[in-house]
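Undergrad: File name query.txt; file contents compact mmCIF, C-alpha atoms; full text below.
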# COMPACT_ATOMS: atom_id res chain seq x y z
CA MET L 1 0.00 0.00 0.00
CA LYS L 2 2.36 2.67 -1.27
CA ASN L 3 1.69 6.20 -0.13
CA GLU L 4 -1.33 5.11 1.86
CA MET L 5 -1.72 5.38 5.55
CA ARG L 6 -1.96 2.18 7.56
CA PHE L 7 -2.90 2.19 11.19
CA GLN L 8 -2.53 -0.74 13.52
CA THR L 9 -5.79 -0.03 15.31
CA LEU L 10 -7.67 -0.15 12.03
CA ILE L 11 -6.26 -3.43 10.84
CA ALA L 12 -6.88 -6.84 12.41
CA ARG L 13 -8.56 -7.30 15.76
CA ASP L 14 -8.76 -10.30 18.04
CA VAL L 15 -12.05 -12.12 17.88
CA PRO L 16 -13.74 -13.05 21.18
CA VAL L 17 -13.31 -16.76 21.99
CA GLU L 18 -17.04 -17.30 22.48
CA LEU L 19 -17.77 -16.02 18.98
CA ASP L 20 -15.19 -18.41 17.52
CA ARG L 21 -16.76 -21.29 19.44
CA ARG L 22 -20.33 -20.59 18.24
CA ILE L 23 -19.33 -20.09 14.62
CA LEU L 24 -17.20 -23.23 14.47
CA ALA L 25 -19.98 -25.25 16.15
CA ALA L 26 -22.40 -24.09 13.44
CA ALA L 27 -19.86 -25.04 10.76
CA SER L 28 -19.37 -28.48 12.31
CA LYS L 29 -23.13 -29.11 12.23
CA ARG L 30 -23.36 -28.03 8.60
CA ALA L 31 -20.38 -30.22 7.67
CA ALA L 32 -22.14 -33.23 9.22
CA GLU L 33 -25.29 -32.45 7.19
CA LEU L 34 -23.22 -32.25 4.00
CA ARG L 35 -21.49 -35.57 4.73
CA PHE L 36 -24.88 -37.25 5.27
CA ARG L 37 -26.24 -35.79 2.04
CA HIS L 38 -23.22 -37.06 0.09
CA ALA L 39 -23.53 -40.53 1.61
CA ARG L 40 -27.25 -40.66 0.85
CA ARG L 41 -26.58 -39.66 -2.77
CA ARG L 42 -23.96 -42.41 -3.09
CA TRP L 43 -26.38 -45.02 -1.65
CA PHE L 44 -29.10 -43.86 -4.05
CA TRP L 45 -26.90 -44.25 -7.11
CA ALA L 46 -25.47 -47.59 -5.92
CA GLY L 47 -28.99 -48.85 -5.25
CA SER L 48 -30.21 -47.65 -8.65
CA ALA L 49 -27.29 -49.36 -10.41
CA THR L 50 -27.98 -52.62 -8.53
CA ALA L 51 -31.70 -52.47 -9.36
CA ALA L 52 -30.94 -51.81 -13.04
CA ALA L 53 -28.51 -54.75 -13.16
CA ALA L 54 -31.08 -57.01 -11.50
CA ALA L 55 -33.76 -55.92 -13.99
CA ILE L 56 -31.44 -56.69 -16.91
CA LEU L 57 -30.72 -60.16 -15.50
CA VAL L 58 -34.44 -60.91 -15.05
CA ILE L 59 -35.25 -59.84 -18.61
CA ALA L 60 -32.31 -61.81 -20.04
CA GLY L 61 -33.38 -64.85 -18.04
CA ALA L 62 -36.95 -64.56 -19.29
CA VAL L 63 -35.74 -64.34 -22.88
CA LEU L 64 -33.53 -67.41 -22.54
CA LEU L 65 -35.76 -69.64 -20.39
CA LEU L 66 -39.16 -68.92 -21.99
CA PRO L 67 -38.63 -69.53 -25.73
CA GLU L 68 -42.35 -69.39 -26.63
CA MET L 69 -42.44 -65.81 -25.43
CA ALA L 70 -39.44 -65.05 -27.63
CA GLY L 71 -41.21 -66.71 -30.63
CA ASN L 72 -38.92 -69.80 -30.94
CA THR L 73 -40.35 -73.30 -31.16
CA ARG L 74 -38.44 -76.49 -30.79
CA PRO L 75 -39.20 -79.56 -32.78
CA PRO L 76 -41.37 -81.97 -30.78
CA ALA L 77 -39.56 -84.72 -29.04
CA PRO L 78 -39.71 -87.86 -31.12
CA ARG L 79 -42.36 -90.32 -29.94
CA ALA L 80 -41.04 -93.40 -28.28
CA ASP L 81 -42.63 -95.72 -30.84
CA LEU L 82 -40.94 -93.88 -33.69
CA LEU L 83 -37.65 -94.07 -31.87
CA ALA L 84 -38.30 -97.73 -31.34
CA LEU L 85 -38.55 -98.22 -35.10
CA SER L 86 -34.91 -97.33 -35.50
CA ASP L 87 -34.06 -100.21 -33.17
CA TRP L 88 -35.69 -102.82 -35.37
CA THR L 89 -33.77 -105.79 -36.59
CA SER L 90 -33.79 -106.40 -40.30
CA VAL L 91 -36.34 -109.27 -39.94
CA GLU L 92 -38.79 -107.08 -38.09
CA GLN L 93 -38.29 -104.36 -40.69
CA GLU L 94 -39.05 -106.82 -43.55
CA ASN L 95 -42.14 -108.07 -41.76
CA TYR L 96 -43.39 -104.55 -41.35
CA ASN L 97 -42.77 -103.71 -44.97
CA LEU L 98 -44.75 -106.76 -46.18
CA SER L 99 -47.63 -105.97 -43.85
CA PHE L 100 -47.70 -102.42 -45.10
CA GLU L 101 -47.78 -103.54 -48.69
CA LEU L 102 -50.64 -105.95 -47.93
CA TYR L 103 -52.57 -103.17 -46.21
CA SER L 104 -51.89 -100.81 -49.07
CA GLY L 105 -53.13 -103.42 -51.54
CA ARG L 106 -56.37 -104.01 -49.62
CA GLN L 107 -56.87 -100.27 -49.37
CA ALA L 108 -56.43 -99.90 -53.11
CA VAL L 109 -58.98 -102.70 -53.85
CA SER L 110 -61.49 -101.17 -51.47
CA GLU L 111 -61.13 -97.78 -53.11
CA LEU L 112 -61.63 -99.31 -56.55
CA ALA L 113 -64.75 -101.16 -55.38
CA GLU L 114 -66.22 -97.98 -54.08
CA ALA L 115 -65.44 -96.18 -57.24
CA GLY L 116 -67.20 -99.01 -59.21
CA SER L 117 -70.34 -98.90 -57.02
CA LEU L 118 -70.55 -95.13 -57.36
CA LYS L 119 -70.50 -95.47 -61.13
CA GLY L 120 -73.50 -97.77 -60.94
CA PHE L 121 -71.92 -101.09 -62.01
CA MET B 122 -0.68 -31.29 1.69
CA PRO B 123 -1.44 -29.44 4.94
CA GLU B 124 -4.71 -27.56 4.85
CA THR B 125 -3.01 -24.24 5.58
CA GLU B 126 -1.40 -24.43 2.13
CA LEU B 127 -4.62 -25.11 0.25
CA SER B 128 -6.22 -22.31 -1.74
CA ASP B 129 -9.57 -20.82 -0.78
CA SER B 130 -11.17 -22.69 -3.70
CA GLU B 131 -9.80 -26.04 -2.51
CA LEU B 132 -10.96 -25.40 1.05
CA ILE B 133 -14.43 -24.41 -0.13
CA LYS B 134 -14.70 -27.58 -2.23
CA ALA B 135 -13.57 -29.71 0.70
CA PHE B 136 -16.14 -28.09 3.01
CA GLY B 137 -18.81 -28.75 0.38
CA GLU B 138 -18.03 -32.44 0.83
CA GLY B 139 -18.35 -32.20 4.60
CA ASP B 140 -14.77 -31.45 5.69
CA HIS B 141 -15.13 -29.32 8.82
CA ALA B 142 -11.36 -28.79 9.21
CA ALA B 143 -11.28 -27.11 5.78
CA PHE B 144 -13.81 -24.53 6.96
CA GLU B 145 -11.85 -23.97 10.14
CA THR B 146 -8.74 -23.14 8.10
CA LEU B 147 -10.71 -20.75 5.91
CA TYR B 148 -12.28 -19.11 8.97
CA HIS B 149 -8.95 -18.55 10.68
CA ARG B 150 -7.57 -17.08 7.47
CA TYR B 151 -10.08 -14.19 7.41
CA ARG B 152 -11.66 -13.81 10.83
CA ARG B 153 -9.34 -11.13 12.23
CA GLN B 154 -9.45 -9.06 9.07
CA LEU B 155 -13.24 -9.12 9.02
CA TYR B 156 -13.55 -8.40 12.73
CA GLY B 157 -11.13 -5.47 12.40
CA PHE B 158 -13.12 -4.08 9.48
CA LEU B 159 -16.41 -4.32 11.35
CA SER B 160 -14.96 -2.90 14.56
CA ASN B 161 -14.03 0.26 12.68
CA LEU B 162 -17.15 0.31 10.55
CA ILE B 163 -19.30 0.18 13.68
CA PRO B 164 -17.17 2.08 16.22
CA GLY B 165 -18.20 2.19 19.84
CA ASN B 166 -20.69 -0.68 19.62
CA PRO B 167 -18.91 -4.01 20.21
CA ALA B 168 -22.20 -5.90 20.67
CA GLU B 169 -23.35 -4.82 17.23
CA VAL B 170 -19.94 -5.76 15.79
CA ASP B 171 -20.23 -9.25 17.31
CA GLU B 172 -23.75 -9.70 15.97
CA VAL B 173 -22.89 -8.65 12.43
CA PHE B 174 -19.70 -10.76 12.51
CA GLU B 175 -21.53 -13.87 13.67
CA GLU B 176 -24.43 -13.36 11.26
CA THR B 177 -21.95 -12.94 8.40
CA TRP B 178 -20.26 -16.25 9.09
CA LEU B 179 -23.55 -18.08 9.64
CA ARG B 180 -24.72 -16.80 6.25
CA VAL B 181 -21.41 -17.92 4.69
CA ILE B 182 -21.68 -21.39 6.27
CA ASP B 183 -25.18 -21.77 4.85
CA LYS B 184 -24.35 -20.57 1.32
CA LEU B 185 -20.80 -21.83 0.95
CA PRO B 186 -21.55 -25.29 -0.51
CA LYS B 187 -23.46 -23.63 -3.37
CA TYR B 188 -21.05 -20.70 -3.74
CA ARG B 189 -19.39 -20.71 -7.13
CA ASP B 190 -15.87 -19.71 -6.25
CA ASP B 191 -14.06 -17.58 -8.80
CA GLY B 192 -11.06 -16.92 -6.62
CA LYS B 193 -12.74 -13.99 -4.86
CA PHE B 194 -13.91 -15.52 -1.62
CA SER B 195 -12.58 -12.61 0.48
CA ALA B 196 -14.51 -10.09 -1.64
CA TRP B 197 -17.68 -12.17 -1.25
CA LEU B 198 -17.16 -12.47 2.50
CA PHE B 199 -16.76 -8.71 2.99
CA ARG B 200 -19.70 -8.01 0.68
CA VAL B 201 -21.99 -10.27 2.72
CA SER B 202 -20.84 -8.52 5.87
CA ARG B 203 -21.26 -5.03 4.44
CA ASN B 204 -24.74 -5.81 3.13
CA LEU B 205 -25.81 -7.18 6.50
CA PHE B 206 -24.53 -4.03 8.17
CA ILE B 207 -26.37 -1.77 5.71
CA ASP B 208 -29.59 -3.78 6.17
CA ARG B 209 -29.34 -3.25 9.91
CA VAL B 210 -28.75 0.47 9.50
CA ARG B 211 -31.73 0.73 7.18
CA ARG B 212 -33.84 -1.01 9.81
CA ASN B 213 -33.03 2.04 12.03
CA ARG B 214 -30.29 0.48 14.08
CA PRO B 215 -27.62 3.19 14.17
CA PRO B 216 -24.04 1.92 14.01
CA GLY B 217 -22.70 3.35 17.25
CA ASN B 218 -20.88 6.64 16.78
CA GLY B 219 -20.68 6.35 12.98
CA VAL B 220 -22.37 8.74 10.58
CA LEU B 221 -24.25 7.07 7.77
CA ASN B 222 -24.08 9.31 4.75
CA LEU B 223 -23.98 7.23 1.63
CA ASP B 224 -24.02 10.12 -0.83
CA ALA B 225 -21.53 12.57 0.64
CA GLU B 226 -18.22 13.14 -1.11
CA GLU B 227 -16.54 15.38 1.48
CA ALA B 228 -15.99 14.50 5.11
CA PRO B 229 -17.59 16.81 7.66
CA GLU B 230 -15.44 18.88 9.97
CA ILE B 231 -13.92 16.67 12.60
CA ALA B 232 -13.61 17.64 16.23
CA GLY B 233 -10.56 16.51 18.17
CA PRO B 234 -10.61 15.34 21.78
CA ALA B 235 -11.61 18.15 24.12
CA SER B 236 -8.78 17.39 26.54
CA MET B 237 -6.09 18.07 23.96
CA SER B 238 -4.31 21.39 24.11
CA PRO B 239 -2.99 22.84 20.86
CA GLU B 240 0.61 22.90 22.09
CA ARG B 241 0.67 19.23 23.03
CA GLU B 242 2.44 17.03 20.57
CA LEU B 243 0.63 13.92 19.69
CA ASP B 244 2.25 10.60 20.36
CA SER B 245 1.51 7.69 18.04
CA ALA B 246 -1.21 6.30 20.30
CA ASP B 247 -3.00 9.66 20.36
CA LEU B 248 -2.66 9.97 16.62
CA GLU B 249 -4.14 6.51 16.05
CA ARG B 250 -7.05 7.37 18.33
CA VAL B 251 -7.69 10.62 16.50
CA ILE B 252 -7.47 8.90 13.14
CA ALA B 253 -9.80 6.11 14.24
CA ASP B 254 -12.29 8.70 15.42
CA ALA B 255 -11.92 10.62 12.17
CA VAL B 256 -12.45 7.51 10.09
CA GLY B 257 -15.61 6.87 12.05
CA LYS B 258 -16.95 10.18 10.84
CA LEU B 259 -16.17 9.76 7.16
CA PRO B 260 -19.10 9.29 4.78
CA GLN B 261 -20.13 5.63 4.74
CA GLU B 262 -18.80 4.67 1.30
CA GLN B 263 -15.46 6.41 1.85
CA ARG B 264 -15.11 4.84 5.27
CA GLU B 265 -15.71 1.38 3.80
CA VAL B 266 -13.14 1.88 1.06
CA PHE B 267 -10.56 3.17 3.51
CA LEU B 268 -11.14 0.36 6.01
CA LEU B 269 -11.10 -2.33 3.32
CA ARG B 270 -7.79 -1.00 2.06
CA GLN B 271 -6.52 -1.21 5.62
CA GLN B 272 -7.28 -4.93 5.34
CA GLU B 273 -5.16 -4.99 2.16
CA LEU B 274 -8.00 -5.85 -0.16
CA PRO B 275 -7.22 -4.84 -3.76
CA PHE B 276 -9.34 -2.03 -5.28
CA ARG B 277 -10.77 -4.52 -7.76
CA ASP B 278 -12.21 -6.54 -4.86
CA ILE B 279 -13.46 -3.41 -3.11
CA ALA B 280 -15.30 -2.45 -6.31
CA ALA B 281 -16.91 -5.91 -6.30
CA ILE B 282 -17.89 -5.51 -2.64
CA GLN B 283 -19.40 -2.06 -3.16
CA GLN B 284 -20.81 -3.07 -6.55
CA CYS B 285 -19.44 -0.06 -8.35
CA SER B 286 -16.63 0.71 -10.79
CA ILE B 287 -12.96 0.79 -9.82
CA ASN B 288 -12.85 4.49 -10.73
CA THR B 289 -15.60 5.21 -8.21
CA VAL B 290 -13.69 3.32 -5.54
CA LEU B 291 -10.51 5.20 -6.34
CA GLY B 292 -12.42 8.48 -6.14
CA ARG B 293 -13.84 7.59 -2.73
CA MET B 294 -10.40 6.60 -1.49
CA GLN B 295 -8.96 9.87 -2.72
CA TYR B 296 -11.58 11.88 -0.84
CA ALA B 297 -11.10 9.79 2.29
CA ILE B 298 -7.33 10.28 2.30
CA LYS B 299 -7.74 14.00 1.58
CA SER B 300 -9.97 14.40 4.62
CA LEU B 301 -7.71 12.38 6.87
CA ARG B 302 -4.53 14.12 5.70
CA LYS B 303 -6.13 17.48 6.40
CA LEU B 304 -6.82 16.29 9.90
CA ILE B 305 -3.36 14.86 10.48
CA ARG B 306 -1.72 18.07 9.31
CA ALA B 307 -3.93 20.14 11.56
CA VAL B 308 -3.37 17.94 14.61
CA ASP B 309 0.31 17.61 13.98
CA HIS B 310 0.80 21.34 13.94
CA GLY B 311 -1.02 21.65 17.23
CA GLY B 312 -4.00 23.51 15.78
CA ILE B 313 -7.42 23.30 17.33
CA ILE B 314 -9.62 21.25 15.08
CA LYS B 315 -13.18 22.44 14.67
For this file, produce the structure as structure tokens.
TA:
Amino acid sequence: MKNEMRFQTLIARDVPVELDRRILAAASKRAAELRFRHARRRWFWAGSATAAAAAILVIAGAVLLLPEMAGNTRPPAPRADLLALSDWTSVEQENYNLSFELYSGRQAVSELAEAGSLKGF
Amino acid sequence: MPETELSDSELIKAFGEGDHAAFETLYHRYRRQLYGFLSNLIPGNPAEVDEVFEETWLRVIDKLPKYRDDGKFSAWLFRVSRNLFIDRVRRNRPPGNGVLNLDAEEAPEIAGPASMSPERELDSADLERVIADAVGKLPQEQREVFLLRQQELPFRDIAAIQQCSINTVLGRMQYAIKSLRKLIRAVDHGGIIK
């Protein structure tokens, strides 16, 4: 402060101890409030992140474990009797084939007979 | 890094996160300056000084977490204090022996202590007392500028506190010094001051 007057009595003064005590007590209380607010904000965001992760897992699980909902269909499990056919021996297979041919022949004759009766023979 | 070496901005940020020790450092940095300023702004009324001082810091504690620090915490602190003082004055609570005259440019005539004889040379203690009394009688705005400069605040900060231009602040300081120099010359030469 060049060329300006400075006077000791006008500069700093000692602050009464009681004033210091009250002001610092108020600051301590406010600091505690701010710490609580910060902690609460952290819990909120941590909780939100956990809830979001849980929701994603539930949706993913639903998509994977419930295929009808996702529009996928699996082929039906083969019936036991059809599976059993693949276990036939060659003799059983031949027998089946002959029976089938006999049945087919009878079916064909029956159809012809019907056709003949319908035509008025 | 010890907290005494942290800047005001760093201390304010730490307090905003709940660090009480950071506020304590900031408080100790400015409390004597502010108390000195108020003691001279409100001469002869220590109770009023204490009330304004405490109210200032309570207001700061409340607003500090939301305060957007631009490196001018001291200017903000003194502005809060000054505004609180002016509000009190406007609510018809006179500031002790001070004269509130916001618009005056020139200081009124200043009377010296009645016990002083013209021939008596002033010692430094007497001179300080006379000056303190004279400062108390300066127009409000000049008194503020003078007292804030006593606390070594730059003129730029004083302009921010008084919410006026730097030129206005410089003008007020010039008038304040002119009035006080007139007084010192008169007292020093042993004249009777009217």
Undergrad: B:Ser130, B:Asn288, B:Asn166, B:Gln295: which is nearest chain L, counting all atoms listed in the file?
TA: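 The answer is B:Gln295, which sits nearest to chain L.
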Undergrad: Please measure the separation of CA of Asn161 in chain B and CA of Ser128 in chain B, giving the value in Å to one decimal.
TA: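 Value for the CA of Asn161 in chain B-CA of Ser128 in chain B distance: 27.9 Å.
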Undergrad: Considering only C-alpha atoms, can you say which of B:Leu162, B:Ala281, B:Val290, B:Leu198 comes closest to Val256 in chain B?
TA: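 Smallest distance to Val256 in chain B is found for B:Leu162.
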Undergrad: Rounded to one decimal place, report the CA of Glu176 in chain B-CA of Ser160 in chain B distance in Å.
TA: 14.5 Å
Undergrad: Which value, in Å to one decimal, gives the distance between CA of Val170 in chain B and CA of Asp247 in chain B?
TA: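 Computing it gives 23.4 Å between the two atoms.
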Undergrad: Find the residues around Phe276 in chain B up to 12 Å (all atoms listed in the file counted), leave out those fewer than 5 positions away in its own chain, and share them as a list in words.
TA: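 Everything that qualifies: Met1 of chain L; Ala196, Glu265, Val266, Phe267, Leu268, Leu269, Arg270, Gln271, Ala281, Ile282, Gln283, Gln284, Cys285, Ser286, Ile287, Asn288, Thr289, Val290, Leu291, Gly292, Arg293 and Met294 of chain B.
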Undergrad: With all atoms listed in the file as the atoms that count, which of L:Arg13, L:Arg37, L:Lys29, L:Arg22 lies nearest to chain B?
TA: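 Using all atoms listed in the file, chain B sits closest to L:Arg13.
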Undergrad: When you count only C-alpha atoms, which of these residues is closest to chain B: L:Ile59, L:Val109, L:Ala32, L:Ala39?
TA: L:Ala32
Undergrad: Which one of L:Phe36, L:Asp14, L:Val63, L:Ala25 sits closest to Gly139 in chain B if you count all atoms listed in the file?
TA: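 Of L:Phe36, L:Asp14, L:Val63, L:Ala25, the one nearest Gly139 in chain B is L:Phe36, counting all atoms listed in the file.
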Undergrad: Given a cut-off of 7 Å, which residues of chain B touch chain L, counting only C-alpha atoms, written out as a short mmCIF file (atom, residue, chain, number, x, y, z; two decimals) with C-alpha atoms, keeping the file's coordinate frame?
TA:
data_model
loop_
_atom_site.label_atom_id
_atom_site.label_comp_id
_atom_site.auth_asym_id
_atom_site.auth_seq_id
_atom_site.Cartn_x
_atom_site.Cartn_y
_atom_site.Cartn_z
CA PHE B 136 -16.14 -28.09 3.01
CA GLY B 137 -18.81 -28.75 0.38
CA GLU B 138 -18.03 -32.44 0.83
CA GLY B 139 -18.35 -32.20 4.60
CA ASP B 140 -14.77 -31.45 5.69
CA HIS B 141 -15.13 -29.32 8.82
CA GLU B 145 -11.85 -23.97 10.14
CA ARG B 153 -9.34 -11.13 12.23
CA GLN B 154 -9.45 -9.06 9.07
CA TYR B 156 -13.55 -8.40 12.73
CA GLY B 157 -11.13 -5.47 12.40
CA ASN B 161 -14.03 0.26 12.68
CA GLU B 175 -21.53 -13.87 13.67
CA TRP B 178 -20.26 -16.25 9.09
CA LEU B 179 -23.55 -18.08 9.64
CA ILE B 182 -21.68 -21.39 6.27
CA GLU B 249 -4.14 6.51 16.05
CA ALA B 253 -9.80 6.11 14.24
CA LEU B 268 -11.14 0.36 6.01
CA GLN B 271 -6.52 -1.21 5.62
CA GLN B 272 -7.28 -4.93 5.34
#
Undergrad: Looking at B:Leu248, B:Glu131, B:Arg211, B:Ala142, which one is nearest to Asp190 in chain B, with distances taken over all atoms listed in the file?
TA: B:Glu131
Undergrad: Give the centre and edge lengths of an axis-aligned box, in Å to one decimal, that holds all listed atoms of range 187-201 of chain B with 8 Å on each side, as JSON.
TA:
{"center_x": -17.3, "center_y": -15.8, "center_z": -2.9, "size_x": 28.4, "size_y": 31.6, "size_z": 27.8}
Undergrad: Could you pull range 250-273 of chain B out of the structure I just pasted and write it to a file containing N, CA, C and O atoms, as a CSV table (one decimal), in the first residue's frame?
TA:
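Output saved as selection-v2.csv:
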chain,number,residue,atom,x,y,z
B,250,ARG,N,-5.7,7.2,17.8
B,250,ARG,CA,-7.0,7.4,18.3
B,250,ARG,C,-7.8,8.4,17.5
B,250,ARG,O,-9.0,8.3,17.2
B,251,VAL,N,-7.1,9.5,17.3
B,251,VAL,CA,-7.7,10.6,16.5
B,251,VAL,C,-8.1,10.1,15.1
B,251,VAL,O,-9.2,10.4,14.6
B,252,ILE,N,-7.2,9.4,14.5
B,252,ILE,CA,-7.5,8.9,13.1
B,252,ILE,C,-8.7,8.0,13.2
B,252,ILE,O,-9.6,8.0,12.3
B,253,ALA,N,-8.7,7.1,14.2
B,253,ALA,CA,-9.8,6.1,14.2
B,253,ALA,C,-11.1,6.9,14.4
B,253,ALA,O,-12.1,6.5,13.8
B,254,ASP,N,-11.1,7.9,15.2
B,254,ASP,CA,-12.3,8.7,15.4
B,254,ASP,C,-12.7,9.4,14.1
B,254,ASP,O,-13.9,9.5,13.8
B,255,ALA,N,-11.7,9.9,13.4
B,255,ALA,CA,-11.9,10.6,12.2
B,255,ALA,C,-12.5,9.7,11.1
B,255,ALA,O,-13.4,10.0,10.4
B,256,VAL,N,-12.0,8.5,11.1
B,256,VAL,CA,-12.4,7.5,10.1
B,256,VAL,C,-13.9,7.2,10.4
B,256,VAL,O,-14.7,7.0,9.5
B,257,GLY,N,-14.2,7.1,11.7
B,257,GLY,CA,-15.6,6.9,12.0
B,257,GLY,C,-16.6,7.9,11.6
B,257,GLY,O,-17.8,7.7,11.5
B,258,LYS,N,-16.1,9.1,11.3
B,258,LYS,CA,-17.0,10.2,10.8
B,258,LYS,C,-16.9,10.4,9.3
B,258,LYS,O,-17.6,11.3,8.8
B,259,LEU,N,-16.2,9.6,8.6
B,259,LEU,CA,-16.2,9.8,7.2
B,259,LEU,C,-17.5,9.3,6.6
B,259,LEU,O,-18.2,8.5,7.3
B,260,PRO,N,-17.9,9.8,5.4
B,260,PRO,CA,-19.1,9.3,4.8
B,260,PRO,C,-19.0,7.8,4.6
B,260,PRO,O,-17.8,7.3,4.4
B,261,GLN,N,-20.1,7.1,4.7
B,261,GLN,CA,-20.1,5.6,4.7
B,261,GLN,C,-19.3,5.0,3.7
B,261,GLN,O,-18.5,4.1,4.0
B,262,GLU,N,-19.5,5.4,2.4
B,262,GLU,CA,-18.8,4.7,1.3
B,262,GLU,C,-17.3,4.9,1.4
B,262,GLU,O,-16.5,4.0,1.1
B,263,GLN,N,-16.9,6.1,1.7
B,263,GLN,CA,-15.5,6.4,1.9
B,263,GLN,C,-14.9,5.6,3.0
B,263,GLN,O,-13.7,5.1,2.9
B,264,ARG,N,-15.6,5.6,4.1
B,264,ARG,CA,-15.1,4.8,5.3
B,264,ARG,C,-14.9,3.4,4.9
B,264,ARG,O,-13.9,2.8,5.3
B,265,GLU,N,-15.8,2.8,4.2
B,265,GLU,CA,-15.7,1.4,3.8
B,265,GLU,C,-14.5,1.2,3.0
B,265,GLU,O,-13.7,0.2,3.2
B,266,VAL,N,-14.3,2.0,2.0
B,266,VAL,CA,-13.1,1.9,1.1
B,266,VAL,C,-11.9,2.0,1.9
B,266,VAL,O,-11.0,1.1,1.7
B,267,PHE,N,-11.8,3.0,2.7
B,267,PHE,CA,-10.6,3.2,3.5
B,267,PHE,C,-10.3,2.0,4.4
B,267,PHE,O,-9.2,1.5,4.5
B,268,LEU,N,-11.3,1.5,5.1
B,268,LEU,CA,-11.1,0.4,6.0
B,268,LEU,C,-10.8,-0.9,5.3
B,268,LEU,O,-10.0,-1.7,5.7
B,269,LEU,N,-11.4,-1.1,4.1
B,269,LEU,CA,-11.1,-2.3,3.3
B,269,LEU,C,-9.7,-2.3,2.8
B,269,LEU,O,-9.0,-3.3,2.7
B,270,ARG,N,-9.2,-1.1,2.5
B,270,ARG,CA,-7.8,-1.0,2.1
B,270,ARG,C,-6.9,-1.3,3.2
B,270,ARG,O,-5.8,-1.8,3.1
B,271,GLN,N,-7.3,-0.9,4.4
B,271,GLN,CA,-6.5,-1.2,5.6
B,271,GLN,C,-6.4,-2.7,5.8
B,271,GLN,O,-5.4,-3.2,6.3
B,272,GLN,N,-7.4,-3.5,5.3
B,272,GLN,CA,-7.3,-4.9,5.3
B,272,GLN,C,-6.6,-5.5,4.1
B,272,GLN,O,-6.6,-6.7,3.9
B,273,GLU,N,-6.0,-4.6,3.3
B,273,GLU,CA,-5.2,-5.0,2.2
B,273,GLU,C,-6.0,-5.7,1.1
B,273,GLU,O,-5.4,-6.4,0.3
